[in-house]
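Trainee: My questions all concern the structure below.
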Amino acid sequence: MKAMTNHLTIRHLRMVVAIVDEGNLVRASKQLNMTQSAITKALQEAEVLTRTRLFDRTNRGVVPTMFGEALAEHARLVIAQLAHAEEHLADLRDGTGGRVSIGTLLSASAELLPRAIARLKRERPRLVVKIVEGTNDVLIPALRAGELDMVVGRLSEHRDRLKVVQEGLMDDVACVVARHGHPLAGRTRIGLADLLDWEWILPPSETSLRQQVDIAFHQEGIEPPQHAVESVSLLTNRALLTDADYLGVFPAHVARREEAAGTLTILPVPLKATAVPIGITTRVQSRLSPAATLLVESLRRTAEEMNG
């Protein structure tokens, strides 16, 4: 019988992550291309080595214990760092490739990030870039788990609580927008109180931008819109704004781009409470891959030009 190592191996770590993701040994074994008996044995080995119960068995599948959750969190980071090491070696061989995964918020997706990627791709045409759109409540956990190299967008006010590192690149403020030709578009003096009778599209309530928008209304002594559509989908929001006379809140860089295209108009309503830097968020004590490091440099140069 083959002797068992005294330490967890990468096989054990991949197994733990797969079980947490799938919640079921059968599905986890298929994900890893292992037999169910092999993954059961590997789980038993891991529990012996850690001297803890990693999962509770239920009639609905397997549920990670606090020890299983903790091990899976570290395992994701180890697996991500191993992938970065492999990419680094490949990059050293050919010098033009690499891979970078970016989470992006709407504020950076209109100009800063596309321009930075285009700049870098001209220098490294074989670079593979993966972009994941979302909000911080989804992107930051993915960043901490090693699934993303960085998040680019409006910086959170809760950096310490989120245990991330932030670098500001440029300032941004949100704007109230409406379709070109909207009844409010020709007015030169508008207050938030004048907008309450219209239908709204706003970021989800758990986002920092939505909380800042609510503060802007409260500063005027009025309640924010109560029945707004909650969406960060640019395509959906644009369609509602242009087809149904909704009002929306866009980051300034996005709003100006839409106004220049003739689809939307920025209404003269200040939202000072939404002024927040746009920048880069990375994991604490994390070494970026060569490709990710180059993208950070490209973002810095692009932001400097845009600040111009």
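Ordering of the structure tokens sets the chain letters (A, B, ...), residue numbers begin anew at 1 in every chain, and ligands are numbered from 1 in the order given.
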Any idea what's packed within 8 Å of stretch 108-113 of chain A, counting only C-alpha atoms, ignoring anything in its chain fewer than 5 positions away? Could you give it as a PyMOL selection string?
Mentor: chain A and resi 152-154+253-254+257+278+299+302-303
Trainee: Since we have the selection now, will you write its residues out, keeping all heavy atoms, as a short mmCIF file (atom, residue, chain, number, x, y, z; two decimals), in the first residue's frame?
Mentor:
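Output file out-v7.cif is given in full below:
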data_model
loop_
_atom_site.label_atom_id
_atom_site.label_comp_id
_atom_site.auth_asym_id
_atom_site.auth_seq_id
_atom_site.Cartn_x
_atom_site.Cartn_y
_atom_site.Cartn_z
N VAL A 152 -10.96 46.84 -11.29
CA VAL A 152 -10.74 48.20 -11.76
C VAL A 152 -12.07 48.93 -11.76
O VAL A 152 -13.04 48.47 -12.38
CB VAL A 152 -10.11 48.22 -13.17
CG1 VAL A 152 -9.84 49.66 -13.61
CG2 VAL A 152 -8.83 47.40 -13.20
N GLY A 153 -12.15 50.05 -11.05
CA GLY A 153 -13.39 50.81 -10.99
C GLY A 153 -13.39 51.75 -9.80
O GLY A 153 -12.33 52.07 -9.24
N ARG A 154 -14.58 52.20 -9.40
CA ARG A 154 -14.70 53.08 -8.25
C ARG A 154 -14.21 52.35 -7.00
O ARG A 154 -14.55 51.20 -6.76
CB ARG A 154 -16.17 53.49 -8.06
CG ARG A 154 -16.66 54.43 -9.14
CD ARG A 154 -18.17 54.62 -9.09
NE ARG A 154 -18.62 55.30 -7.90
CZ ARG A 154 -18.73 56.62 -7.77
NH1 ARG A 154 -18.41 57.41 -8.79
NH2 ARG A 154 -19.16 57.17 -6.66
N HIS A 253 -17.57 59.33 -16.59
CA HIS A 253 -16.89 58.92 -17.82
C HIS A 253 -17.82 58.17 -18.76
O HIS A 253 -17.74 58.32 -19.98
CB HIS A 253 -15.67 58.05 -17.48
CG HIS A 253 -14.57 58.81 -16.82
ND1 HIS A 253 -14.46 58.92 -15.46
CD2 HIS A 253 -13.53 59.52 -17.35
CE1 HIS A 253 -13.40 59.66 -15.17
NE2 HIS A 253 -12.82 60.03 -16.28
N VAL A 254 -18.73 57.39 -18.21
CA VAL A 254 -19.71 56.68 -19.03
C VAL A 254 -20.74 57.65 -19.57
O VAL A 254 -21.11 57.61 -20.75
CB VAL A 254 -20.40 55.57 -18.20
CG1 VAL A 254 -21.41 54.81 -19.06
CG2 VAL A 254 -19.37 54.61 -17.62
N ARG A 257 -19.48 59.78 -22.44
CA ARG A 257 -19.36 59.00 -23.68
C ARG A 257 -20.72 58.82 -24.34
O ARG A 257 -20.86 58.93 -25.55
CB ARG A 257 -18.72 57.65 -23.36
CG ARG A 257 -18.26 56.87 -24.60
CD ARG A 257 -17.58 55.58 -24.17
NE ARG A 257 -17.03 54.87 -25.31
CZ ARG A 257 -15.79 55.03 -25.77
NH1 ARG A 257 -14.98 55.90 -25.20
NH2 ARG A 257 -15.36 54.34 -26.81
N ILE A 278 -11.48 56.55 -9.03
CA ILE A 278 -11.43 55.30 -9.79
C ILE A 278 -10.01 54.78 -9.68
O ILE A 278 -9.05 55.55 -9.73
CB ILE A 278 -11.78 55.54 -11.27
CG1 ILE A 278 -13.25 55.95 -11.42
CG2 ILE A 278 -11.50 54.29 -12.11
CD1 ILE A 278 -13.62 56.30 -12.84
N LEU A 299 -2.59 50.89 -17.10
CA LEU A 299 -3.68 51.65 -16.49
C LEU A 299 -3.17 52.98 -15.94
O LEU A 299 -3.82 54.02 -16.10
CB LEU A 299 -4.32 50.83 -15.37
CG LEU A 299 -5.23 49.68 -15.81
CD1 LEU A 299 -5.47 48.70 -14.65
CD2 LEU A 299 -6.58 50.22 -16.31
N THR A 302 -2.44 55.32 -18.90
CA THR A 302 -3.69 55.74 -19.53
C THR A 302 -4.42 56.77 -18.67
O THR A 302 -4.91 57.78 -19.17
CB THR A 302 -4.60 54.52 -19.76
OG1 THR A 302 -3.93 53.57 -20.60
CG2 THR A 302 -5.90 54.93 -20.44
N ALA A 303 -4.48 56.53 -17.36
CA ALA A 303 -5.12 57.47 -16.45
C ALA A 303 -4.41 58.82 -16.48
O ALA A 303 -5.04 59.89 -16.45
CB ALA A 303 -5.16 56.90 -15.04
#
Trainee: Using DSSP assignments from the backbone, pull out every residue in stretch 1-120 of chain A that falls under alpha helix (DSSP H) and give it to me as number ranges by chain.
Mentor: A: 10-22, 25-31, 36-50, 66-94, 106-109, 112-120
Trainee: Any idea what's packed within 8 Å of A:Lys130, counting only C-alpha atoms, ignoring anything in its chain fewer than 4 positions away? Could you give it as a JSON list (two decimals) with all heavy atoms, in the first residue's frame?
Mentor:
[["chain", "number", "residue", "atom", "x", "y", "z"],
["A", 99, "ARG", "N", -1.49, 35.98, -19.16],
["A", 99, "ARG", "CA", -2.94, 36.01, -19.00],
["A", 99, "ARG", "C", -3.26, 36.86, -17.78],
["A", 99, "ARG", "O", -2.56, 36.80, -16.77],
["A", 99, "ARG", "CB", -3.47, 34.58, -18.82],
["A", 99, "ARG", "CG", -4.97, 34.49, -18.66],
["A", 99, "ARG", "CD", -5.42, 33.03, -18.46],
["A", 99, "ARG", "NE", -6.86, 32.94, -18.35],
["A", 99, "ARG", "CZ", -7.67, 32.80, -19.38],
["A", 99, "ARG", "NH1", -7.16, 32.69, -20.60],
["A", 99, "ARG", "NH2", -8.98, 32.74, -19.21],
["A", 100, "VAL", "N", -4.31, 37.64, -17.88],
["A", 100, "VAL", "CA", -4.73, 38.48, -16.76],
["A", 100, "VAL", "C", -6.26, 38.47, -16.68],
["A", 100, "VAL", "O", -6.94, 38.54, -17.70],
["A", 100, "VAL", "CB", -4.18, 39.92, -16.89],
["A", 100, "VAL", "CG1", -4.65, 40.57, -18.17],
["A", 100, "VAL", "CG2", -4.56, 40.74, -15.69],
["A", 101, "SER", "N", -6.77, 38.34, -15.46],
["A", 101, "SER", "CA", -8.22, 38.33, -15.22],
["A", 101, "SER", "C", -8.59, 39.59, -14.43],
["A", 101, "SER", "O", -8.03, 39.84, -13.37],
["A", 101, "SER", "CB", -8.63, 37.09, -14.43],
["A", 101, "SER", "OG", -8.37, 35.91, -15.17],
["A", 102, "ILE", "N", -9.53, 40.34, -14.97],
["A", 102, "ILE", "CA", -9.87, 41.65, -14.40],
["A", 102, "ILE", "C", -11.35, 41.70, -14.08],
["A", 102, "ILE", "O", -12.20, 41.37, -14.91],
["A", 102, "ILE", "CB", -9.56, 42.77, -15.41],
["A", 102, "ILE", "CG1", -8.17, 42.60, -16.00],
["A", 102, "ILE", "CG2", -9.73, 44.13, -14.76],
["A", 102, "ILE", "CD1", -8.01, 43.27, -17.33]]
Trainee: Closest to A:Leu195 among A:Glu45, A:Val269, A:Glu259, A:Ala75, using only C-alpha atoms?
Mentor: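 With only C-alpha atoms as the atom set, the closest residue is A:Val269.
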Trainee: List as a PyMOL selection string the protein and nucleic acid residues near stretch 198-213 of chain A, meaning an atom at most 6 Å away when only C-alpha atoms are counted, but skip any in the same chain fewer than 2 places from it.
Mentor: chain A and resi 195-196+215-216+228-232+246-248+273-274
Trainee: Just write the chosen residues, C-alpha atoms, as a JSON list (two decimals), in the first residue's frame.
Mentor:
[["chain", "number", "residue", "atom", "x", "y", "z"],
["A", 195, "LEU", "CA", -37.03, 64.31, -10.49],
["A", 196, "LEU", "CA", -39.09, 62.31, -8.01],
["A", 215, "ILE", "CA", -27.03, 60.30, 0.64],
["A", 216, "ALA", "CA", -27.31, 62.95, -2.10],
["A", 228, "ALA", "CA", -36.32, 52.06, -8.88],
["A", 229, "VAL", "CA", -35.17, 49.36, -11.27],
["A", 230, "GLU", "CA", -31.87, 48.08, -9.82],
["A", 231, "SER", "CA", -29.39, 47.29, -12.58],
["A", 232, "VAL", "CA", -25.73, 47.70, -13.56],
["A", 246, "TYR", "CA", -36.42, 56.62, -17.27],
["A", 247, "LEU", "CA", -33.82, 58.60, -15.39],
["A", 248, "GLY", "CA", -30.55, 56.95, -14.40],
["A", 273, "ALA", "CA", -21.88, 62.78, -2.49],
["A", 274, "THR", "CA", -20.91, 60.39, -5.30]]
Trainee: Could you please determine the separation between atom CA of A:Asp214 and atom CA of A:Gly168 in Å, to one decimal place?
Mentor: 23.6 Å
Trainee: Near A:Val165, counting only C-alpha atoms, which residues have an atom at most 7 Å away, once you skip same-chain residues fewer than 4 positions from it, shown as a PyMOL selection string?
Mentor: chain A and resi 159+281-284
Trainee: Write out as a VMD selection string the residues lying within 12 Å of A:Glu69, counting only C-alpha atoms and excluding same-chain residues fewer than 2 positions away.
Mentor: chain A and resid 13 16 to 21 52 to 56 63 to 67 71 to 76 145
Trainee: Can you write out the residues you just picked, keeping N, CA, C and O atoms, as a compact mmCIF listing (two decimals), in the first residue's frame?
Mentor:
# COMPACT_ATOMS: atom_id res chain seq x y z
N LEU A 13 -5.79 19.97 -2.22
CA LEU A 13 -6.34 21.32 -2.28
C LEU A 13 -7.35 21.46 -3.41
O LEU A 13 -8.43 22.06 -3.22
N VAL A 16 -10.59 19.75 -2.30
CA VAL A 16 -11.39 20.52 -1.35
C VAL A 16 -12.16 21.62 -2.06
O VAL A 16 -13.36 21.82 -1.83
N VAL A 17 -11.50 22.35 -2.95
CA VAL A 17 -12.15 23.43 -3.69
C VAL A 17 -13.29 22.88 -4.54
O VAL A 17 -14.39 23.46 -4.59
N ALA A 18 -13.05 21.76 -5.21
CA ALA A 18 -14.08 21.18 -6.07
C ALA A 18 -15.30 20.76 -5.25
O ALA A 18 -16.45 20.98 -5.67
N ILE A 19 -15.09 20.17 -4.09
CA ILE A 19 -16.22 19.74 -3.26
C ILE A 19 -17.01 20.95 -2.75
O ILE A 19 -18.24 20.95 -2.73
N VAL A 20 -16.30 22.00 -2.33
CA VAL A 20 -16.98 23.22 -1.89
C VAL A 20 -17.81 23.81 -3.03
O VAL A 20 -18.97 24.21 -2.85
N ASP A 21 -17.23 23.86 -4.22
CA ASP A 21 -17.92 24.45 -5.37
C ASP A 21 -19.14 23.62 -5.78
O ASP A 21 -20.19 24.17 -6.11
N THR A 52 -9.08 17.41 11.35
CA THR A 52 -10.37 18.08 11.50
C THR A 52 -11.37 17.45 10.55
O THR A 52 -11.01 16.78 9.58
N ARG A 53 -12.64 17.67 10.83
CA ARG A 53 -13.69 17.28 9.88
C ARG A 53 -13.91 18.45 8.94
O ARG A 53 -14.30 19.55 9.37
N LEU A 54 -13.66 18.26 7.68
CA LEU A 54 -13.73 19.35 6.70
C LEU A 54 -15.13 19.54 6.14
O LEU A 54 -15.49 20.65 5.73
N PHE A 55 -15.93 18.46 6.11
CA PHE A 55 -17.27 18.53 5.54
C PHE A 55 -18.25 17.75 6.39
O PHE A 55 -17.89 16.72 6.98
N ASP A 56 -19.47 18.25 6.46
CA ASP A 56 -20.56 17.51 7.07
C ASP A 56 -21.35 16.82 5.95
O ASP A 56 -21.69 17.44 4.94
N VAL A 63 -21.53 19.65 3.08
CA VAL A 63 -21.47 21.07 3.44
C VAL A 63 -20.15 21.31 4.18
O VAL A 63 -19.85 20.59 5.14
N PRO A 64 -19.36 22.30 3.76
CA PRO A 64 -18.08 22.54 4.43
C PRO A 64 -18.27 23.03 5.87
O PRO A 64 -19.15 23.85 6.15
N THR A 65 -17.46 22.52 6.78
CA THR A 65 -17.40 23.03 8.13
C THR A 65 -16.60 24.33 8.11
O THR A 65 -16.08 24.74 7.07
N MET A 66 -16.45 24.97 9.26
CA MET A 66 -15.63 26.18 9.32
C MET A 66 -14.18 25.88 8.91
O MET A 66 -13.50 26.71 8.31
N PHE A 67 -13.74 24.64 9.22
CA PHE A 67 -12.38 24.24 8.83
C PHE A 67 -12.29 24.03 7.32
O PHE A 67 -11.29 24.39 6.69
N LEU A 71 -9.91 26.13 4.78
CA LEU A 71 -8.93 25.46 3.92
C LEU A 71 -9.20 25.78 2.46
O LEU A 71 -8.26 26.00 1.68
N ALA A 72 -10.47 25.82 2.06
CA ALA A 72 -10.81 26.12 0.67
C ALA A 72 -10.36 27.52 0.29
O ALA A 72 -9.86 27.76 -0.82
N GLU A 73 -10.49 28.47 1.22
CA GLU A 73 -10.06 29.85 0.94
C GLU A 73 -8.56 29.90 0.67
O GLU A 73 -8.11 30.53 -0.29
N HIS A 74 -7.78 29.22 1.50
CA HIS A 74 -6.33 29.20 1.28
C HIS A 74 -5.98 28.40 0.03
O HIS A 74 -5.05 28.74 -0.70
N ALA A 75 -6.74 27.31 -0.20
CA ALA A 75 -6.46 26.47 -1.36
C ALA A 75 -6.63 27.24 -2.66
O ALA A 75 -5.83 27.10 -3.60
N ARG A 76 -7.67 28.08 -2.74
CA ARG A 76 -7.90 28.87 -3.96
C ARG A 76 -6.70 29.78 -4.24
O ARG A 76 -6.28 29.94 -5.40
N ALA A 145 -10.35 35.30 -3.56
CA ALA A 145 -10.23 33.86 -3.81
C ALA A 145 -9.18 33.54 -4.88
O ALA A 145 -8.91 32.37 -5.14
Trainee: Can you work out which one of A:Leu143, A:Ile79, A:Val249, A:Leu8 has the shortest atom-to-atom distance to A:Glu47, counting only C-alpha atoms?
Mentor: A:Leu8
Trainee: Could you tell me how far atom CA of A:Ala291 sits from atom CA of A:Glu86, in Å to one decimal place?
Mentor: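 For atom CA of A:Glu86 relative to atom CA of A:Ala291, the distance reads 12.1 Å.
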Trainee: Report the residues of stretch 186-261 of chain A whose backbone DSSP state falls under strand (DSSP E or B), written as a ChimeraX atom specification.
Mentor: /A:200-202,229-230,247-251
Trainee: Let me see the file: selected residues, N, CA and C atoms, as a PDB file, in the first residue's frame.
Mentor:
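Once written, part.pdb looks like this:
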ATOM      1  N   TRP A 200     -36.992  55.552 -12.247  1.00  0.00           N
ATOM      2  CA  TRP A 200     -35.540  55.579 -12.103  1.00  0.00           C
ATOM      3  C   TRP A 200     -34.923  54.204 -12.318  1.00  0.00           C
ATOM      4  N   ILE A 201     -33.678  54.240 -12.785  1.00  0.00           N
ATOM      5  CA  ILE A 201     -32.793  53.066 -12.767  1.00  0.00           C
ATOM      6  C   ILE A 201     -31.623  53.442 -11.869  1.00  0.00           C
ATOM      7  N   LEU A 202     -31.357  52.607 -10.857  1.00  0.00           N
ATOM      8  CA  LEU A 202     -30.278  52.894  -9.923  1.00  0.00           C
ATOM      9  C   LEU A 202     -29.424  51.643  -9.700  1.00  0.00           C
ATOM     10  N   VAL A 229     -35.758  50.560 -10.689  1.00  0.00           N
ATOM     11  CA  VAL A 229     -35.168  49.355 -11.267  1.00  0.00           C
ATOM     12  C   VAL A 229     -33.706  49.321 -10.825  1.00  0.00           C
ATOM     13  N   GLU A 230     -33.259  48.201 -10.285  1.00  0.00           N
ATOM     14  CA  GLU A 230     -31.875  48.081  -9.823  1.00  0.00           C
ATOM     15  C   GLU A 230     -31.078  47.289 -10.853  1.00  0.00           C
ATOM     16  N   LEU A 247     -35.023  57.874 -15.784  1.00  0.00           N
ATOM     17  CA  LEU A 247     -33.823  58.603 -15.385  1.00  0.00           C
ATOM     18  C   LEU A 247     -32.841  57.605 -14.784  1.00  0.00           C
ATOM     19  N   GLY A 248     -31.555  57.869 -14.937  1.00  0.00           N
ATOM     20  CA  GLY A 248     -30.549  56.953 -14.405  1.00  0.00           C
ATOM     21  C   GLY A 248     -29.368  57.700 -13.821  1.00  0.00           C
ATOM     22  N   VAL A 249     -28.473  56.949 -13.192  1.00  0.00           N
ATOM     23  CA  VAL A 249     -27.243  57.503 -12.628  1.00  0.00           C
ATOM     24  C   VAL A 249     -26.075  56.734 -13.232  1.00  0.00           C
ATOM     25  N   PHE A 250     -25.230  57.451 -13.973  1.00  0.00           N
ATOM     26  CA  PHE A 250     -24.054  56.854 -14.597  1.00  0.00           C
ATOM     27  C   PHE A 250     -22.794  57.528 -14.057  1.00  0.00           C
ATOM     28  N   PRO A 251     -21.687  56.780 -13.922  1.00  0.00           N
ATOM     29  CA  PRO A 251     -20.402  57.440 -13.669  1.00  0.00           C
ATOM     30  C   PRO A 251     -20.109  58.452 -14.773  1.00  0.00           C
TER      31      PRO A 251
END
Trainee: Tell me which protein, DNA and RNA residues are within 10 Å of A:Leu184, counting only C-alpha atoms, leaving out same-chain ones fewer than 6 positions away, and put them as an NGL selection string.
Mentor: :A and (177-178 or 190 or 194-195 or 245 or 247 or 265 or 267-268)
Trainee: Convert the current residue selection to file output with N, CA and C atoms, as a compact mmCIF listing (two decimals), in the first residue's frame.
Mentor:
# COMPACT_ATOMS: atom_id res chain seq x y z
N VAL A 177 -28.72 61.05 -15.77
CA VAL A 177 -28.83 61.04 -17.23
C VAL A 177 -30.27 60.72 -17.65
N ALA A 178 -30.61 61.20 -18.84
CA ALA A 178 -31.91 60.93 -19.46
C ALA A 178 -31.68 60.81 -20.96
N ILE A 190 -32.37 72.41 -12.35
CA ILE A 190 -33.14 71.26 -11.88
C ILE A 190 -32.59 70.85 -10.52
N ASP A 194 -37.21 67.82 -8.25
CA ASP A 194 -37.94 67.88 -9.52
C ASP A 194 -37.97 66.54 -10.25
N LEU A 195 -37.19 65.57 -9.77
CA LEU A 195 -37.03 64.31 -10.49
C LEU A 195 -37.81 63.16 -9.87
N ASP A 245 -38.28 56.71 -21.10
CA ASP A 245 -38.17 57.98 -20.36
C ASP A 245 -37.72 57.81 -18.91
N LEU A 247 -35.02 57.87 -15.78
CA LEU A 247 -33.82 58.60 -15.39
C LEU A 247 -32.84 57.60 -14.78
N THR A 265 -28.44 62.47 -22.36
CA THR A 265 -28.13 63.84 -21.95
C THR A 265 -27.84 63.85 -20.45
N LEU A 267 -28.16 65.63 -17.11
CA LEU A 267 -28.98 66.67 -16.53
C LEU A 267 -28.15 67.50 -15.54
N PRO A 268 -28.41 68.79 -15.44
CA PRO A 268 -27.61 69.67 -14.56
C PRO A 268 -28.00 69.53 -13.09
Trainee: My list of candidates is A:Ser298, A:Gln36, A:Ser286, A:Ser107. Which is closest to A:Arg124 when distances are computed with only C-alpha atoms?
Mentor: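 The closest residue to A:Arg124 is A:Ser298.
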Trainee: What does the structure give for the distance between atom CA of A:Leu192 and atom CA of A:Lys272, in Å to one decimal?
Mentor: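 Answer for the atom CA of A:Leu192 to atom CA of A:Lys272 separation: 12.2 Å.
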Trainee: I need the residue nearest A:Ser233 from this list: A:Gly103, A:Gly134, A:Pro290, A:Gly23. Use only C-alpha atoms for the distance.
Mentor: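 The answer is A:Gly134, which sits nearest to A:Ser233.
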Trainee: Taking into account only C-alpha atoms, which residue in the set A:His158, A:Leu32, A:Leu264, A:Thr104 is nearest to A:Gly181?
Mentor: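 Closest to A:Gly181 of all the choices is A:Leu264.
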